[in-house]
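Structure first, then comments.
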Amino acid sequence: MSTPPATGPTAVPSWTVGDLVVHRVDEVLLPPATGPWLLPGATPDLVAGQDWLRPHFADDAGVLRLDSHSFAFTVGGRRVLVDTGIGNGKERANPAWHDLNTDYLERLTAAGFPPDSVDLVILTHLHADHVGWNTRKVNGDWVPTFPNARHLTSRTEREFWAGYDMDEPRRQMFRDSVIPVERAGLLDLVDVPAEGVRIVPGLRLIPTPGHTPGHLSVELNSRGQTALITGDCVHHPVQLAHPAIGACVDIDPERSEATRRSLLGALARTGTLVLGTHFAPPTAGRVVPHEGAFRLEPVPAGAHRLRVGG
């Protein structure tokens, strides 16, 4: 499913799924301390026991590699972005996310998706590292980065946070990255039944709750091929080998594990291309059975070349 290589400044990592081309828009490689904080059950010894994680997803010392990126593609006539990363200049409690200054928008434009061209932004859930580029600062105000795009998230997700007793860092995130989009009238809340909901032909949202109550994953279909963008129902491939490993920020750890086990079991041997929202390069692969659980069989990206705005 990987595309032929290309060179030059507009070459970006991408995969083909039937007639679709899915681009990875890189933001930042997360620091080594992220793994022990986020997935405390993934101890170095446990990670080292899975040889297939090296060299891409962990180093020889058992330190996990994690990434922040988005996925962009055109489907059903819509130019779509899935999750918007951490964002620049945001006040964040996590030092790895605080006051970033990355070239994310330049990378997005190089992939052929300048901000004004995006029609649809899908937010798998409303955590700080998935909504940050919803907005950028203009003349001291946080304004929508994608002013022509509808922004979709689960109704369950938004309503949960509306009733949640947030700490100040989370309130800050909503103030700078969610509420401005709502005030601009750009946020649409979607009811997502157990069987999922089709947004446009070839694009379906499926519920993968636990990490947050309304967490979504994104399924793409074209010409008999399928891809799944995970969001945070799976943070790292080590969770394929050990589905019981959860994230420290899971709202409902038991449900998160149940979702992960069910999803991985459904994906195994199907040939579905799994695109991990935090998986370090090569980012994508197929779920295959392994030692009573699963592993990821990597599918390296090609570099698909597009004209800016193409």
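Within each chain, counting starts at residue 1; across the structure tokens, chains are named A, B, ... in the order shown, with ligands numbered 1 upward in that order.
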- Task: Using only C-alpha atoms, determine which residues lie at most 9 Å from Ala284 (chain A), disregarding the query and same-chain residues fewer than 4 positions distant; provide the list as a count of residues only.
- Result: 13
Per residue of region 4-98 of chain A within 8 Å of region 248-270 of chain A, what are the shortest atom pair and its distance in Å to one decimal, counting only C-alpha atoms, with rows by chain and residue number, as CSV?
```
residue,atom,partner,partner_atom,distance
A:Trp37,CA,A:Cys248,CA,7.2
A:Leu38,CA,A:Cys248,CA,5.4
A:Leu39,CA,A:Cys248,CA,6.3
A:Pro40,CA,A:Cys248,CA,7.1
```
Could you write out the selected residues, including all heavy atoms, as a compact mmCIF listing (two decimals), in the first residue's frame?
```
# COMPACT_ATOMS: atom_id res chain seq x y z
N TRP A 37 5.85 7.97 31.24
CA TRP A 37 4.72 8.72 31.81
C TRP A 37 3.40 8.23 31.25
O TRP A 37 2.47 7.93 32.00
CB TRP A 37 4.89 10.22 31.49
CG TRP A 37 3.62 10.99 31.69
CD1 TRP A 37 3.02 11.31 32.88
CD2 TRP A 37 2.75 11.50 30.65
NE1 TRP A 37 1.83 11.99 32.64
CE2 TRP A 37 1.66 12.12 31.30
CE3 TRP A 37 2.80 11.48 29.26
CZ2 TRP A 37 0.62 12.72 30.58
CZ3 TRP A 37 1.78 12.09 28.55
CH2 TRP A 37 0.70 12.69 29.20
N LEU A 38 3.30 8.11 29.94
CA LEU A 38 2.04 7.80 29.30
C LEU A 38 1.62 6.35 29.48
O LEU A 38 0.44 6.06 29.76
CB LEU A 38 2.13 8.11 27.80
CG LEU A 38 0.88 7.87 26.97
CD1 LEU A 38 -0.24 8.81 27.40
CD2 LEU A 38 1.18 8.04 25.48
N LEU A 39 2.56 5.42 29.33
CA LEU A 39 2.28 3.99 29.41
C LEU A 39 3.16 3.36 30.49
O LEU A 39 4.12 2.65 30.20
CB LEU A 39 2.55 3.34 28.05
CG LEU A 39 1.73 3.86 26.87
CD1 LEU A 39 2.26 3.28 25.56
CD2 LEU A 39 0.25 3.57 27.03
N PRO A 40 2.86 3.63 31.76
CA PRO A 40 3.74 3.16 32.83
C PRO A 40 3.89 1.65 32.89
O PRO A 40 4.88 1.14 33.41
CB PRO A 40 3.09 3.72 34.10
CG PRO A 40 1.67 4.02 33.72
CD PRO A 40 1.72 4.41 32.27
```
Set out as a tab-separated table a contact list for region 176-258 of chain A and region 25-36 of chain A with a cut-off of 10 Å, giving each residue of region 176-258 of chain A that qualifies its closest atom pair and distance in Å to one decimal, counting only C-alpha atoms, ordered by chain and rising residue number.
```
residue	atom	partner	partner_atom	distance
A:His235	CA	A:Gly35	CA	9.7
A:His236	CA	A:Gly35	CA	9.0
A:Ala247	CA	A:Gly35	CA	9.5
A:Cys248	CA	A:Pro36	CA	9.6
```
- Using only C-alpha atoms: which of A:Ala149, A:Leu216, A:Met173, A:Val131 has the shortest distance to Ala194 (chain A):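 With only C-alpha atoms as the atom set, the closest residue is A:Leu216.
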- Item | Surrounding residues of Arg150 (chain A) excluding itself and chain neighbours under 5 positions, 9 Å, only C-alpha atoms, as a PyMOL selection string | chain A and resi 118-122+185-188
- Please provide the set of residues having any atom within 12 Å of Gly49 (chain A), restricted to only C-alpha atoms, with same-chain residues fewer than 4 positions apart removed, written as JSON, numbers by chain. {"A": [42, 43, 44, 45, 53, 54, 58, 59, 60, 61, 62, 238, 241, 242, 291]}
Output the selection as a short mmCIF file (atom, residue, chain, number, x, y, z; two decimals), in the first residue's frame - N, CA, C and O atoms for each residue.
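To be explicit, this is the file written out as part17.cif:
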```cif
data_model
loop_
_atom_site.label_atom_id
_atom_site.label_comp_id
_atom_site.auth_asym_id
_atom_site.auth_seq_id
_atom_site.Cartn_x
_atom_site.Cartn_y
_atom_site.Cartn_z
N ALA A 42 4.43 -0.26 30.42
CA ALA A 42 5.38 -0.70 29.39
C ALA A 42 6.80 -0.52 29.91
O ALA A 42 7.54 0.37 29.50
N THR A 43 7.18 -1.37 30.83
CA THR A 43 8.50 -1.28 31.44
C THR A 43 9.58 -1.63 30.41
O THR A 43 9.32 -2.32 29.43
N PRO A 44 10.81 -1.16 30.62
CA PRO A 44 11.89 -1.48 29.68
C PRO A 44 12.07 -2.98 29.46
O PRO A 44 12.30 -3.41 28.32
N ASP A 45 11.95 -3.78 30.52
CA ASP A 45 12.10 -5.23 30.35
C ASP A 45 10.99 -5.80 29.49
O ASP A 45 11.23 -6.66 28.63
N LEU A 53 9.60 -4.75 18.08
CA LEU A 53 9.46 -3.31 18.31
C LEU A 53 10.69 -2.52 17.90
O LEU A 53 10.61 -1.30 17.67
N ARG A 54 11.84 -3.21 17.84
CA ARG A 54 13.08 -2.53 17.47
C ARG A 54 13.37 -2.73 15.99
O ARG A 54 13.05 -3.79 15.44
N ALA A 58 10.92 1.26 19.41
CA ALA A 58 11.62 1.32 20.70
C ALA A 58 13.11 1.18 20.44
O ALA A 58 13.52 0.62 19.41
N ASP A 59 13.91 1.66 21.38
CA ASP A 59 15.36 1.51 21.22
C ASP A 59 15.84 0.27 21.97
O ASP A 59 15.06 -0.46 22.58
N ASP A 60 17.13 0.03 21.93
CA ASP A 60 17.68 -1.18 22.53
C ASP A 60 17.53 -1.21 24.04
O ASP A 60 17.60 -2.29 24.65
N ALA A 61 17.33 -0.05 24.66
CA ALA A 61 17.16 0.02 26.12
C ALA A 61 15.69 -0.13 26.53
O ALA A 61 15.38 -0.04 27.72
N GLY A 62 14.80 -0.35 25.55
CA GLY A 62 13.39 -0.50 25.88
C GLY A 62 12.65 0.81 26.05
O GLY A 62 11.55 0.84 26.62
N VAL A 238 3.43 -1.44 21.29
CA VAL A 238 3.62 -2.37 22.40
C VAL A 238 2.27 -2.85 22.95
O VAL A 238 2.16 -3.95 23.49
N ALA A 241 1.05 -6.25 21.64
CA ALA A 241 1.59 -7.42 22.33
C ALA A 241 1.00 -7.56 23.73
O ALA A 241 0.85 -8.68 24.23
N HIS A 242 0.68 -6.43 24.35
CA HIS A 242 0.15 -6.42 25.71
C HIS A 242 -1.06 -5.48 25.77
O HIS A 242 -0.94 -4.34 26.24
N GLU A 291 2.26 -14.80 19.39
CA GLU A 291 2.49 -15.27 20.76
C GLU A 291 1.29 -15.04 21.68
O GLU A 291 1.42 -14.53 22.79
#
```
- Give the alpha helix (DSSP H) residues of region 219-270 of chain A, as DSSP finds them on the backbone, and put them as a VMD selection string. chain A and resid 238 to 241 253 to 267
- Message: Residues within 12 Å of Thr226 (chain A), please, as a PyMOL selection string. Count only C-alpha atoms; anything in the same chain fewer than 2 positions from it doesn't count.
- Response: chain A and resi 1+15-22+202-204+218-224+228-229+267+270-275+285-286
- Can you list every residue in region 52-292 of chain A that DSSP puts in strand (DSSP E), as a ChimeraX atom specification? /A:67-75,78-82,120-122,135-138,141-144,150-154,187-190,197-200,203-207,216-222,225-229,273-275,284-290
- Message: Please list as a PyMOL selection string every residue within 12 Å of Val138 (chain A), counting only C-alpha atoms and excluding residues in the same chain fewer than 4 positions away.
- Response: chain A and resi 88-89+142-145
- Residue among A:Gln239, A:Thr212, A:Ser217, A:Gln50 lying closest to Phe160 (chain A), counting only C-alpha atoms: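 Answer, going by the shortest atom-to-atom distance: A:Thr212.
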